[in-house]
file data.cif (mmCIF, C-alpha atoms)
data_work
#
loop_
_atom_site.label_atom_id
_atom_site.label_comp_id
_atom_site.auth_asym_id
_atom_site.auth_seq_id
_atom_site.Cartn_x
_atom_site.Cartn_y
_atom_site.Cartn_z
CA MET W 1 31.33 9.30 -0.59
CA THR W 2 30.91 12.06 -3.18
CA VAL W 3 29.75 9.49 -5.74
CA LEU W 4 27.22 8.11 -3.24
CA ARG W 5 25.84 11.57 -2.48
CA SER W 6 25.55 12.29 -6.19
CA TRP W 7 23.69 9.02 -6.79
CA LEU W 8 21.33 9.61 -3.85
CA ALA W 9 20.52 13.09 -5.13
CA ARG W 10 19.90 11.74 -8.63
CA VAL W 11 17.41 9.09 -7.47
CA GLY W 12 15.59 11.46 -5.10
CA LEU W 13 17.15 10.76 -1.69
CA GLY W 14 19.72 13.53 -1.51
CA ARG W 15 18.69 15.03 1.84
CA PRO W 16 18.60 13.38 5.30
CA GLU W 17 14.88 14.00 5.81
CA LEU W 18 14.08 12.35 2.47
CA ARG W 19 16.07 9.26 3.42
CA ALA W 20 14.46 9.17 6.88
CA TRP W 21 11.01 9.40 5.29
CA ALA W 22 11.77 6.64 2.80
CA MET W 23 12.86 4.32 5.62
CA TYR W 24 9.23 3.91 6.64
CA ASP W 25 8.71 2.17 3.31
CA TRP W 26 11.58 -0.14 4.33
CA ALA W 27 9.88 -0.67 7.70
CA ASN W 28 6.32 -1.42 6.60
CA SER W 29 7.13 -3.32 3.40
CA ALA W 30 8.05 -6.35 5.52
CA PHE W 31 4.39 -6.52 6.56
CA GLN W 32 3.25 -6.08 2.97
CA SER W 33 5.55 -8.77 1.59
CA THR W 34 5.35 -11.40 4.35
CA VAL W 35 1.92 -10.93 5.93
CA ILE W 36 -0.32 -9.57 3.19
CA THR W 37 1.21 -11.17 0.13
CA ALA W 38 3.48 -14.17 0.62
CA VAL W 39 2.98 -16.05 3.87
CA PHE W 40 -0.18 -15.23 5.79
CA PRO W 41 -2.81 -16.00 3.09
CA ALA W 42 -1.53 -19.54 2.51
CA PHE W 43 -0.98 -19.99 6.26
CA PHE W 44 -4.57 -18.92 6.87
CA SER W 45 -5.90 -21.34 4.26
CA SER W 46 -3.83 -24.40 5.19
CA TYR W 47 -3.46 -23.97 8.97
CA ALA W 48 -5.79 -21.43 10.57
CA ALA W 49 -8.71 -22.55 8.37
CA ALA W 50 -7.62 -26.20 8.16
CA ASP W 51 -11.14 -27.41 9.00
CA LEU W 52 -12.69 -25.54 6.05
CA ALA W 53 -12.82 -26.44 2.37
CA PRO W 54 -10.20 -24.54 0.29
CA ALA W 55 -12.77 -22.40 -1.52
CA GLU W 56 -14.50 -21.56 1.77
CA ALA W 57 -11.17 -20.58 3.35
CA THR W 58 -10.52 -18.29 0.37
CA ALA W 59 -13.93 -16.68 0.83
CA ARG W 60 -13.39 -16.11 4.59
CA PHE W 61 -10.02 -14.51 3.88
CA ALA W 62 -11.55 -12.31 1.17
CA TRP W 63 -14.24 -11.07 3.55
CA ALA W 64 -11.65 -10.36 6.28
CA THR W 65 -9.78 -8.24 3.75
CA THR W 66 -12.98 -6.46 2.76
CA ILE W 67 -13.85 -5.63 6.38
CA ALA W 68 -10.37 -4.25 7.08
CA VAL W 69 -10.23 -1.95 4.08
CA ALA W 70 -13.80 -0.72 4.60
CA ILE W 71 -13.09 0.33 8.21
CA THR W 72 -9.88 2.08 7.15
CA ALA W 73 -11.74 3.94 4.42
CA VAL W 74 -14.16 5.37 6.97
CA LEU W 75 -11.44 6.37 9.45
CA GLY W 76 -8.93 7.88 7.01
CA PRO W 77 -10.32 11.36 6.23
CA LEU W 78 -11.42 12.04 9.82
CA LEU W 79 -8.07 11.07 11.29
CA GLY W 80 -6.29 13.05 8.58
CA ALA W 81 -8.23 16.21 9.39
CA VAL W 82 -7.44 15.84 13.11
CA ALA W 83 -3.73 15.39 12.30
CA ASP W 84 -3.68 18.55 10.17
CA TYR W 85 -5.45 20.64 12.80
CA ARG W 86 -3.32 19.47 15.75
CA ALA W 87 -0.03 19.05 13.82
CA MET W 88 0.26 15.42 14.92
CA LYS W 89 0.95 13.47 11.77
CA LYS W 90 3.98 11.73 13.26
CA ARG W 91 2.28 10.94 16.58
CA MET W 92 -0.71 9.37 14.86
CA LEU W 93 1.57 7.42 12.53
CA ALA W 94 3.46 6.13 15.58
CA GLY W 95 0.25 5.13 17.35
CA PHE W 96 -1.10 3.09 14.47
CA MET W 97 2.33 1.60 13.86
CA LEU W 98 2.42 0.31 17.47
CA VAL W 99 -1.08 -1.20 17.16
CA GLY W 100 -0.06 -2.91 13.93
CA VAL W 101 3.18 -4.21 15.43
CA GLY W 102 1.27 -5.64 18.39
CA ALA W 103 -1.27 -7.43 16.19
CA THR W 104 1.51 -8.83 14.00
CA LEU W 105 3.43 -10.18 16.98
CA LEU W 106 0.24 -11.85 18.24
CA MET W 107 -0.03 -13.79 14.99
CA ALA W 108 2.47 -16.17 16.57
CA THR W 109 -0.37 -17.29 18.90
CA ILE W 110 -2.66 -18.52 16.09
CA THR W 111 -3.58 -22.19 16.50
CA GLU W 112 -4.61 -24.78 13.94
CA GLY W 113 -8.27 -24.29 13.09
CA GLY W 114 -8.32 -20.90 14.85
CA TRP W 115 -9.38 -18.98 11.80
CA THR W 116 -11.55 -16.50 13.76
CA TRP W 117 -8.59 -15.26 15.84
CA ALA W 118 -6.37 -15.24 12.73
CA ALA W 119 -8.92 -13.18 10.81
CA ALA W 120 -9.29 -10.73 13.72
CA LEU W 121 -5.53 -10.14 13.92
CA PHE W 122 -5.32 -9.77 10.17
CA ILE W 123 -8.12 -7.17 10.20
CA VAL W 124 -6.57 -5.13 13.05
CA SER W 125 -3.07 -5.16 11.57
CA ASN W 126 -4.39 -4.18 8.14
CA ILE W 127 -6.36 -1.28 9.60
CA ALA W 128 -3.27 -0.13 11.50
CA ILE W 129 -0.82 -0.21 8.60
CA ALA W 130 -3.27 1.37 6.17
CA SER W 131 -4.07 4.18 8.63
CA SER W 132 -0.36 4.84 9.16
CA TYR W 133 -0.01 5.37 5.40
CA VAL W 134 -2.37 8.35 5.58
CA PHE W 135 0.13 10.24 7.73
CA TYR W 136 3.21 8.86 6.01
CA ASP W 137 2.01 9.87 2.55
CA SER W 138 0.83 13.26 3.80
CA LEU W 139 4.40 14.16 4.81
CA LEU W 140 5.62 13.81 1.21
CA PRO W 141 4.57 17.23 -0.16
CA HIS W 142 6.12 18.90 2.91
CA ILE W 143 9.60 17.47 2.36
CA ALA W 144 9.83 17.19 -1.46
CA SER W 145 9.55 19.94 -4.07
CA PRO W 146 7.27 19.49 -7.10
CA ALA W 147 10.33 18.96 -9.30
CA GLU W 148 11.61 16.03 -7.22
CA ILE W 149 8.42 14.52 -5.83
CA ASP W 150 8.10 11.74 -8.45
CA ARG W 151 11.67 10.57 -7.89
CA VAL W 152 11.34 10.72 -4.10
CA SER W 153 8.13 8.67 -4.14
CA THR W 154 9.50 6.00 -6.51
CA ALA W 155 12.81 5.83 -4.62
CA ALA W 156 10.92 5.16 -1.39
CA TYR W 157 9.11 2.28 -3.07
CA ALA W 158 12.47 0.90 -4.23
CA VAL W 159 13.80 1.12 -0.66
CA GLY W 160 10.66 -0.68 0.50
CA PHE W 161 11.13 -3.45 -2.02
CA LEU W 162 14.70 -3.96 -0.81
CA GLY W 163 13.75 -4.05 2.87
CA GLY W 164 10.71 -6.25 2.36
CA GLY W 165 12.67 -8.53 0.06
CA LEU W 166 15.57 -9.03 2.45
CA LEU W 167 13.33 -10.03 5.35
CA LEU W 168 11.13 -12.18 3.14
CA ALA W 169 14.24 -14.01 1.85
CA LEU W 170 15.22 -14.75 5.46
CA ASN W 171 11.67 -15.85 6.24
CA LEU W 172 11.76 -18.12 3.19
CA ALA W 173 14.95 -19.75 4.45
CA TRP W 174 13.33 -20.42 7.84
CA ILE W 175 10.22 -21.90 6.21
CA LEU W 176 12.09 -24.09 3.72
CA TRP W 177 14.73 -25.39 6.14
CA PRO W 178 13.37 -24.95 9.68
CA GLU W 179 15.65 -27.58 11.23
CA ALA W 180 18.76 -25.73 10.01
CA PHE W 181 17.71 -22.77 12.15
CA GLY W 182 16.79 -24.80 15.22
CA LEU W 183 13.05 -24.63 14.56
CA THR W 184 10.76 -27.59 15.11
CA ASP W 185 8.72 -27.39 11.90
CA THR W 186 7.36 -25.15 9.17
CA VAL W 187 4.57 -23.78 11.35
CA ALA W 188 7.10 -22.63 13.95
CA ALA W 189 9.11 -20.99 11.18
CA ILE W 190 6.05 -19.14 9.87
CA LYS W 191 5.17 -17.87 13.34
CA LEU W 192 8.77 -16.69 13.83
CA ALA W 193 8.44 -14.88 10.50
CA PHE W 194 5.45 -12.95 11.87
CA VAL W 195 7.46 -11.98 14.96
CA SER W 196 10.35 -10.81 12.78
CA VAL W 197 7.97 -8.61 10.77
CA GLY W 198 6.67 -6.93 13.92
CA VAL W 199 10.17 -6.22 15.22
CA TRP W 200 11.38 -5.02 11.81
CA TRP W 201 8.41 -2.67 11.41
CA LEU W 202 8.99 -1.17 14.86
CA VAL W 203 12.77 -0.68 14.64
CA PHE W 204 12.91 0.81 11.16
CA SER W 205 10.10 3.29 11.86
CA ILE W 206 12.46 5.16 14.19
CA PRO W 207 14.34 7.13 11.46
CA LEU W 208 11.13 8.81 10.27
CA LEU W 209 9.99 9.59 13.80
CA ARG W 210 13.37 11.15 14.61
CA GLY W 211 14.46 12.65 11.30
CA VAL W 212 11.35 14.09 9.59
CA PRO W 213 10.03 17.40 10.97
CA GLU W 214 6.37 17.68 11.89
CA PRO W 215 4.70 20.21 9.56
CA PRO W 216 3.13 23.07 11.51
CA ALA W 217 -0.62 23.37 11.80
CA VAL W 218 -2.25 26.01 9.63
CA LEU W 219 -5.56 27.32 10.94
CA GLU W 220 -8.45 28.36 8.77
CA ALA W 221 -9.80 31.90 9.12
CA ASP W 222 -12.56 30.86 11.57
CA GLU W 223 -10.32 28.68 13.80
CA THR W 224 -8.52 29.68 17.00
CA GLY W 225 -6.62 26.44 17.72
CA ARG W 226 -8.59 25.85 20.93
CA GLU W 227 -11.57 24.04 19.45
CA VAL W 228 -12.33 20.35 20.00
CA ALA W 229 -10.23 18.60 17.35
CA LEU W 230 -12.93 16.13 16.34
CA VAL W 231 -15.48 18.91 15.82
CA VAL W 232 -13.02 20.84 13.66
CA ALA W 233 -12.19 17.68 11.72
CA VAL W 234 -15.83 17.04 10.86
CA ARG W 235 -16.33 20.67 9.81
CA ARG W 236 -13.19 20.59 7.67
CA LEU W 237 -14.32 17.42 5.95
CA ILE W 238 -17.69 18.95 5.12
CA GLU W 239 -15.93 22.06 3.76
CA THR W 240 -13.57 19.97 1.68
CA PHE W 241 -16.47 18.04 0.13
CA ARG W 242 -17.96 21.39 -0.84
CA GLU W 243 -14.64 22.63 -2.20
CA LEU W 244 -13.90 19.55 -4.30
CA ARG W 245 -15.14 21.31 -7.42
CA GLY W 246 -12.16 23.63 -6.95
CA TYR W 247 -9.84 20.61 -7.06
CA ARG W 248 -11.34 18.93 -10.11
CA GLN W 249 -8.06 17.41 -11.31
CA ALA W 250 -7.24 15.94 -7.90
CA PHE W 251 -10.76 14.51 -7.72
CA LEU W 252 -10.44 12.95 -11.17
CA MET W 253 -7.14 11.42 -10.09
CA LEU W 254 -8.88 9.93 -7.05
CA VAL W 255 -11.56 8.35 -9.24
CA ALA W 256 -8.98 6.96 -11.68
CA PHE W 257 -6.93 5.61 -8.80
CA LEU W 258 -10.03 4.05 -7.25
CA LEU W 259 -10.67 2.13 -10.45
CA TYR W 260 -7.25 0.89 -11.52
CA ASN W 261 -5.96 0.38 -7.98
CA ASP W 262 -8.86 -1.99 -7.34
CA GLY W 263 -7.30 -4.25 -9.92
CA ILE W 264 -3.80 -3.80 -8.51
CA GLN W 265 -4.81 -4.49 -4.91
CA THR W 266 -6.85 -7.52 -5.94
CA ILE W 267 -3.80 -9.02 -7.64
CA ILE W 268 -1.57 -8.28 -4.65
CA ARG W 269 -3.94 -9.53 -1.97
CA MET W 270 -5.42 -12.55 -3.69
CA ALA W 271 -2.40 -13.89 -5.61
CA SER W 272 -1.19 -16.22 -2.87
CA ILE W 273 -4.49 -17.73 -1.89
CA TYR W 274 -5.58 -17.98 -5.56
CA GLY W 275 -2.29 -19.71 -6.34
CA ALA W 276 -2.94 -22.19 -3.56
CA GLU W 277 -6.43 -22.83 -4.94
CA VAL W 278 -5.07 -23.77 -8.39
CA GLY W 279 -2.35 -25.97 -6.90
CA ILE W 280 0.80 -23.80 -6.81
CA ASP W 281 3.19 -25.05 -4.11
CA ARG W 282 3.51 -22.71 -1.11
CA ASN W 283 7.31 -22.64 -1.19
CA ALA W 284 7.28 -21.83 -4.90
CA GLN W 285 4.88 -18.98 -4.16
CA ILE W 286 7.14 -17.51 -1.50
CA ALA W 287 10.16 -17.77 -3.81
CA ALA W 288 8.19 -15.92 -6.49
CA PHE W 289 7.21 -13.19 -4.05
CA VAL W 290 10.85 -12.75 -3.07
CA MET W 291 11.61 -12.29 -6.76
CA VAL W 292 8.91 -9.58 -6.96
CA GLN W 293 10.66 -7.62 -4.22
CA PHE W 294 14.03 -7.58 -5.93
CA VAL W 295 12.68 -7.05 -9.45
CA GLY W 296 10.76 -4.08 -8.05
CA ILE W 297 13.91 -2.25 -6.91
CA PRO W 298 15.40 -1.28 -10.31
CA PHE W 299 11.99 -0.90 -11.94
CA SER W 300 10.81 1.54 -9.26
CA PHE W 301 13.87 3.70 -9.92
CA LEU W 302 13.20 3.29 -13.65
CA PHE W 303 9.65 4.60 -13.28
CA GLY W 304 11.00 7.67 -11.47
CA ALA W 305 13.33 8.34 -14.39
CA MET W 306 10.54 7.66 -16.89
CA ALA W 307 8.31 10.18 -15.14
CA ASP W 308 10.99 12.85 -15.69
CA ARG W 309 11.23 11.99 -19.40
CA ILE W 310 7.71 11.08 -20.56
CA GLY W 311 5.57 12.31 -17.68
CA ALA W 312 4.12 10.51 -14.68
CA LYS W 313 0.71 9.99 -16.30
CA THR W 314 2.14 8.26 -19.37
CA ALA W 315 4.27 6.04 -17.14
CA ILE W 316 1.14 4.97 -15.23
CA PHE W 317 -0.59 4.16 -18.53
CA LEU W 318 2.28 1.82 -19.44
CA ALA W 319 1.93 0.08 -16.08
CA LEU W 320 -1.81 -0.47 -16.66
CA VAL W 321 -1.08 -2.13 -20.02
CA VAL W 322 1.25 -4.56 -18.25
CA TYR W 323 -1.35 -5.24 -15.56
CA THR W 324 -3.88 -6.12 -18.25
CA GLY W 325 -1.46 -8.76 -19.54
CA ILE W 326 -0.97 -10.05 -15.99
CA SER W 327 -4.72 -10.58 -15.55
CA THR W 328 -4.93 -12.43 -18.86
CA LEU W 329 -2.07 -14.76 -17.91
CA GLY W 330 -3.59 -15.25 -14.46
CA PHE W 331 -6.81 -16.54 -16.03
CA VAL W 332 -4.98 -19.42 -17.73
CA MET W 333 -2.41 -20.01 -14.97
CA SER W 334 -1.90 -23.68 -14.15
CA THR W 335 1.84 -24.21 -13.57
CA GLU W 336 4.60 -22.84 -11.37
CA TRP W 337 6.23 -21.37 -14.47
CA HIS W 338 3.10 -19.30 -15.06
CA PHE W 339 3.18 -18.09 -11.46
CA PHE W 340 6.84 -17.01 -11.71
CA ALA W 341 6.14 -15.19 -14.98
CA LEU W 342 3.26 -13.35 -13.31
CA ALA W 343 5.43 -12.48 -10.34
CA PHE W 344 8.14 -11.01 -12.58
CA LEU W 345 5.62 -8.88 -14.47
CA VAL W 346 4.07 -7.63 -11.23
CA GLY W 347 7.54 -6.68 -9.97
CA THR W 348 8.14 -4.51 -13.02
CA VAL W 349 5.10 -2.27 -12.44
CA GLN W 350 3.87 -2.59 -8.86
CA GLY W 351 6.13 -0.01 -7.24
CA GLY W 352 6.20 2.48 -10.09
CA SER W 353 2.44 2.60 -10.65
CA GLN W 354 1.63 3.16 -7.00
CA ALA W 355 4.50 5.53 -6.27
CA LEU W 356 3.61 7.78 -9.19
CA SER W 357 -0.08 7.71 -8.25
CA ARG W 358 0.94 9.00 -4.81
CA SER W 359 3.22 11.72 -6.14
CA VAL W 360 0.78 12.90 -8.83
CA PHE W 361 -1.95 13.31 -6.22
CA ALA W 362 0.46 15.04 -3.80
CA ARG W 363 1.16 17.68 -6.43
CA MET W 364 -2.50 18.62 -6.75
CA ILE W 365 -3.50 19.14 -3.10
CA PRO W 366 -3.01 22.09 -0.69
CA LYS W 367 -0.09 21.41 1.67
CA HIS W 368 -1.85 22.61 4.82
CA LYS W 369 -4.53 19.94 4.30
CA SER W 370 -2.24 17.14 3.18
CA SER W 371 -3.32 14.62 5.83
CA GLU W 372 -6.98 15.34 5.18
CA PHE W 373 -6.57 14.91 1.43
CA PHE W 374 -4.49 11.79 1.85
CA GLY W 375 -7.27 10.59 4.13
CA PHE W 376 -9.55 10.86 1.08
CA PHE W 377 -6.82 9.18 -0.95
CA SER W 378 -6.97 6.38 1.60
CA VAL W 379 -10.75 6.17 1.21
CA PHE W 380 -10.43 5.69 -2.52
CA GLU W 381 -7.45 3.38 -2.11
CA LYS W 382 -9.21 1.20 0.44
CA PHE W 383 -12.52 1.04 -1.38
CA ALA W 384 -10.35 0.02 -4.31
CA GLY W 385 -9.58 -3.02 -2.18
CA VAL W 386 -13.23 -3.84 -1.51
CA ALA W 387 -14.69 -4.66 -4.92
CA GLY W 388 -11.93 -7.02 -6.04
CA PRO W 389 -11.82 -9.36 -3.02
CA ALA W 390 -15.62 -9.22 -2.81
CA MET W 391 -15.70 -10.22 -6.47
CA PHE W 392 -13.56 -13.23 -5.63
CA ALA W 393 -15.94 -14.27 -2.87
CA ALA W 394 -18.96 -13.82 -5.16
CA SER W 395 -17.24 -15.69 -8.02
CA ILE W 396 -16.58 -18.65 -5.75
CA ALA W 397 -20.21 -18.64 -4.61
CA LEU W 398 -21.56 -18.48 -8.17
CA PHE W 399 -19.08 -20.57 -10.15
CA GLY W 400 -17.10 -22.54 -7.57
CA SER W 401 -13.90 -21.02 -8.99
CA SER W 402 -11.93 -17.75 -8.88
CA ARG W 403 -10.87 -17.73 -12.54
CA ALA W 404 -13.76 -15.57 -13.73
CA ALA W 405 -12.85 -12.93 -11.15
CA VAL W 406 -9.20 -12.91 -12.29
CA LEU W 407 -10.17 -12.11 -15.87
CA SER W 408 -12.73 -9.48 -14.88
CA VAL W 409 -10.02 -7.47 -13.11
CA ILE W 410 -9.08 -6.12 -16.56
CA LEU W 411 -12.22 -3.97 -16.44
CA PHE W 412 -10.76 -1.97 -13.54
CA PHE W 413 -7.61 -1.16 -15.54
CA VAL W 414 -9.56 -0.08 -18.62
CA LEU W 415 -11.96 2.18 -16.72
CA GLY W 416 -9.15 3.63 -14.62
CA ALA W 417 -7.13 4.48 -17.74
CA LEU W 418 -10.12 6.23 -19.33
CA VAL W 419 -10.55 8.52 -16.31
CA LEU W 420 -6.79 9.07 -15.93
CA ALA W 421 -6.68 10.34 -19.51
CA ARG W 422 -8.82 13.30 -18.39
CA VAL W 423 -6.46 14.36 -15.55
CA ASP W 424 -4.49 17.57 -16.24
CA ILE W 425 -1.62 17.46 -13.73
CA ALA W 426 -0.27 20.96 -14.46
CA ARG W 427 -3.71 22.51 -14.02
CA GLY W 428 -4.28 20.60 -10.80
CA GLN W 429 -0.96 21.75 -9.38
CA ALA W 430 -1.79 25.35 -10.24
CA GLU W 431 -5.17 25.05 -8.50
CA ALA W 432 -3.56 23.72 -5.32
CA GLU W 433 -0.84 26.39 -5.29
CA ALA W 434 -3.39 29.16 -5.77
CA HIS W 435 -5.48 27.90 -2.84
CA SER W 436 -2.43 27.51 -0.56
CA ALA W 437 -1.28 31.05 -1.42
CA ARG W 438 -4.55 32.40 -0.03
CA ILE W 439 -4.18 30.50 3.27
CA LEU W 440 -0.47 30.18 4.08
CA PRO W 441 1.35 33.20 5.47
#
call {"tool": "encode", "arguments": {"input": "data.cif", "output": "structure tokens"}}
result
Amino acid sequence: MTVLRSWLARVGLGRPELRAWAMYDWANSAFQSTVITAVFPAFFSSYAAADLAPAEATARFAWATTIAVAITAVLGPLLGAVADYRAMKKRMLAGFMLVGVGATLLMATITEGGWTWAAALFIVSNIAIASSYVFYDSLLPHIASPAEIDRVSTAAYAVGFLGGGLLLALNLAWILWPEAFGLTDTVAAIKLAFVSVGVWWLVFSIPLLRGVPEPPAVLEADETGREVALVVAVRRLIETFRELRGYRQAFLMLVAFLLYNDGIQTIIRMASIYGAEVGIDRNAQIAAFVMVQFVGIPFSFLFGAMADRIGAKTAIFLALVVYTGISTLGFVMSTEWHFFALAFLVGTVQGGSQALSRSVFARMIPKHKSSEFFGFFSVFEKFAGVAGPAMFAASIALFGSSRAAVLSVILFFVLGALVLARVDIARGQAEAEAHSARILP
């Protein structure tokens, strides 16, 4: 037991509240791995959009993704400001989690050719899970010190990879051998997989809701606590826009993240349906996505250790170099071997790059406005998911193929790296601490 405690402390999960917080990554990663990445895109293309041409099905799915992330981007900052003012981060997380769980469970009702209903459920569930991240991420600076925040964030991603990988492996078994589990066919197995994701997401959200304390509200000088929350939220957002010049480093990090995360999210969201377009077998795709989950576990921990040794920013640069190679290989991909090689490379950098982006930003924002700032983080993150899928849809319309869009993703990584090079993390942290010292008692 002593050895286990020592190991947990070393990787960033030494306290109960840190482990409870990280369990939400375990909970929601099942949705990320099964619904967003591995199963739903191909299911949408081959079953829900069975009456459409493959390229048209890809375009419809890309636009559904674009709609979902655009709506989330608009909602994020406003909801975050309300959560800060009313001290209701956990309640709002729970509300969106329940909406997302409901939409995921309803995916079992999708019929062949019912692409409109499938797209609607996909949009609602994506809005719900992305909105819940605003409040989940905003709890991080309240429970982790600056010295441990990189390790806590990367450890949570590792926990998420493990949870998402375990359920996806079970889902894969159902889909590959439905009769062995008493299921009638592959479609029934896929629908059961969606149900399992909804239940998993619900059950494993409980540790965070029970074990992580709600940060207290901190009122600004002109607030009494009795104002209409929405009015205060709008005013706070306007003030924060005006104050952004005082958080220059955090703002630069947002711009860098907007750019390189567009490339990352495009790879994650479009890999399955692009693979189907170029002829990669669905079962091979799911097996590759399972591999991503388990490769991501040690590499997420590794990125946490690397951040301690070489700095979080340098570690992110290394991840962007790998992503550039992934895009290049994706352009020429034609075999299952190529797809598995891509999946392995994605597994090495996916968790670390995103976890360190989250922790770097968390260091440079005032704690009492963490939900509001992570609402802005969500705006930049979600708009990062707009250009890439839209590029896919436009590429199909112009060239009848997605390959040009795959190669052009490299531009996002290059531009993001150029802006990231200008971010001074130490200066940003000092700016945030100075502002918080003026407000917090």
call {"tool": "residues_around", "arguments": {"input": "data.cif", "residues": "Ala144 in chain W", "least_positions_apart": "2", "cutoff": "12 Å", "atoms": "only C-alpha atoms", "output": "MDAnalysis selection string"}}
result
chainID W and resid 12:19 21:22 137:142 146:153 212 359 362:363 367
call {"tool": "write_last_selection", "arguments": {"input": "data.cif", "atoms": "C-alpha atoms", "output": "compact mmCIF listing (two decimals), keeping the file's coordinate frame"}}
result
# COMPACT_ATOMS: atom_id res chain seq x y z
CA GLY W 12 15.59 11.46 -5.10
CA LEU W 13 17.15 10.76 -1.69
CA GLY W 14 19.72 13.53 -1.51
CA ARG W 15 18.69 15.03 1.84
CA PRO W 16 18.60 13.38 5.30
CA GLU W 17 14.88 14.00 5.81
CA LEU W 18 14.08 12.35 2.47
CA ARG W 19 16.07 9.26 3.42
CA TRP W 21 11.01 9.40 5.29
CA ALA W 22 11.77 6.64 2.80
CA ASP W 137 2.01 9.87 2.55
CA SER W 138 0.83 13.26 3.80
CA LEU W 139 4.40 14.16 4.81
CA LEU W 140 5.62 13.81 1.21
CA PRO W 141 4.57 17.23 -0.16
CA HIS W 142 6.12 18.90 2.91
CA PRO W 146 7.27 19.49 -7.10
CA ALA W 147 10.33 18.96 -9.30
CA GLU W 148 11.61 16.03 -7.22
CA ILE W 149 8.42 14.52 -5.83
CA ASP W 150 8.10 11.74 -8.45
CA ARG W 151 11.67 10.57 -7.89
CA VAL W 152 11.34 10.72 -4.10
CA SER W 153 8.13 8.67 -4.14
CA VAL W 212 11.35 14.09 9.59
CA SER W 359 3.22 11.72 -6.14
CA ALA W 362 0.46 15.04 -3.80
CA ARG W 363 1.16 17.68 -6.43
CA LYS W 367 -0.09 21.41 1.67
call {"tool": "residues_near_point", "arguments": {"input": "data.cif", "point": "(-7.9, 1.5, 13.5)", "cutoff": "12 Å", "atoms": "only C-alpha atoms", "output": "VMD selection string"}}
result
chain W and resid 67 to 76 78 to 79 92 to 93 95 to 100 103 121 123 to 134
call {"tool": "atom_distance", "arguments": {"input": "data.cif", "atom1": "CA of Phe344 in chain W", "atom2": "CA of Ala315 in chain W"}}
result
18.1 Å
call {"tool": "residues_near_point", "arguments": {"input": "data.cif", "point": "(13.5, -4.8, -3.5)", "cutoff": "6 Å", "atoms": "all atoms listed in the file", "output": "ChimeraX atom specification"}}
result
/W:158,161-162,165,293-294,296-297
call {"tool": "closest_residue", "arguments": {"input": "data.cif", "among": "W:Ser408, W:Ser327, W:Ser353, W:Ser29", "to": "Ala341 in chain W", "atoms": "all atoms listed in the file"}}
result
W:Ser327
call {"tool": "atom_distance", "arguments": {"input": "data.cif", "atom1": "CA of Leu252 in chain W", "atom2": "CA of Ala217 in chain W"}}
result
27.1 Å
call {"tool": "resolve_selection", "arguments": {"input": "data.cif", "expression": "the PyMOL selection byres ((chain W and resi 412-422) around 10)", "output": "VMD selection string"}}
result
chain W and resid 249 252 to 264 313 to 314 316 to 324 327 384 387 to 388 408 to 411 423 to 425
call {"tool": "residues_around", "arguments": {"input": "data.cif", "residues": "Arg427 in chain W", "least_positions_apart": "4", "cutoff": "10 Å", "atoms": "all atoms listed in the file", "output": "PyMOL selection string"}}
result
chain W and resi 247-250+364+423+431-433
call {"tool": "atom_distance", "arguments": {"input": "data.cif", "atom1": "CA of Ala307 in chain W", "atom2": "CA of Thr154 in chain W"}}
result
9.7 Å
call {"tool": "axis_aligned_box", "arguments": {"input": "data.cif", "around": "range 158-161 of chain W", "padding_each_side": "3 Å", "output": "JSON"}}
result
{"center_x": 12.2, "center_y": -1.2, "center_z": -1.9, "size_x": 9.1, "size_y": 10.6, "size_z": 10.7}
call {"tool": "closest_residue", "arguments": {"input": "data.cif", "among": "W:Leu4, W:Ala108, W:Val360, W:Ala50", "to": "Gly311 in chain W", "atoms": "all atoms listed in the file"}}
result
W:Val360
call {"tool": "closest_residue", "arguments": {"input": "data.cif", "among": "W:Val11, W:Val35, W:Val195, W:Ile268", "to": "Pro298 in chain W", "atoms": "only C-alpha atoms"}}
result
W:Val11
call {"tool": "residues_around", "arguments": {"input": "data.cif", "residues": "Thr328 in chain W", "least_positions_apart": "2", "cutoff": "8 Å", "atoms": "only C-alpha atoms", "output": "VMD selection string"}}
result
chain W and resid 324 to 326 330 to 332 406 to 407 410
call {"tool": "write_last_selection", "arguments": {"input": "data.cif", "atoms": "C-alpha atoms", "output": "short mmCIF file (atom, residue, chain, number, x, y, z; two decimals), in the frame of the given file"}}
result
data_model
loop_
_atom_site.label_atom_id
_atom_site.label_comp_id
_atom_site.auth_asym_id
_atom_site.auth_seq_id
_atom_site.Cartn_x
_atom_site.Cartn_y
_atom_site.Cartn_z
CA THR W 324 -3.88 -6.12 -18.25
CA GLY W 325 -1.46 -8.76 -19.54
CA ILE W 326 -0.97 -10.05 -15.99
CA GLY W 330 -3.59 -15.25 -14.46
CA PHE W 331 -6.81 -16.54 -16.03
CA VAL W 332 -4.98 -19.42 -17.73
CA VAL W 406 -9.20 -12.91 -12.29
CA LEU W 407 -10.17 -12.11 -15.87
CA ILE W 410 -9.08 -6.12 -16.56
#
call {"tool": "closest_residue", "arguments": {"input": "data.cif", "among": "W:Ala284, W:Met333, W:Leu192, W:Ala49", "to": "Thr116 in chain W", "atoms": "all atoms listed in the file"}}
result
W:Ala49
call {"tool": "resolve_selection", "arguments": {"input": "data.cif", "expression": "the PyMOL selection byres ((chain W and resi 26) around 9)", "output": "list in words"}}
result
Ala22, Met23, Tyr24, Asp25, Ala27, Asn28, Ser29, Ala30, Ala156, Tyr157, Ala158, Val159, Gly160, Phe161, Leu162, Gly163, Gly164, Trp200, Trp201, Phe204 and Ser205 of chain W
call {"tool": "resolve_selection", "arguments": {"input": "data.cif", "expression": "the PyMOL selection byres ((chain W and resi 343) around 10)", "output": "list in words"}}
result
Ile268, Ala271, Gln285, Ala287, Ala288, Phe289, Val290, Met291, Val292, Gln293, Val295, Ile326, Trp337, His338, Phe339, Phe340, Ala341, Leu342, Phe344, Leu345, Val346, Gly347 and Thr348 of chain W
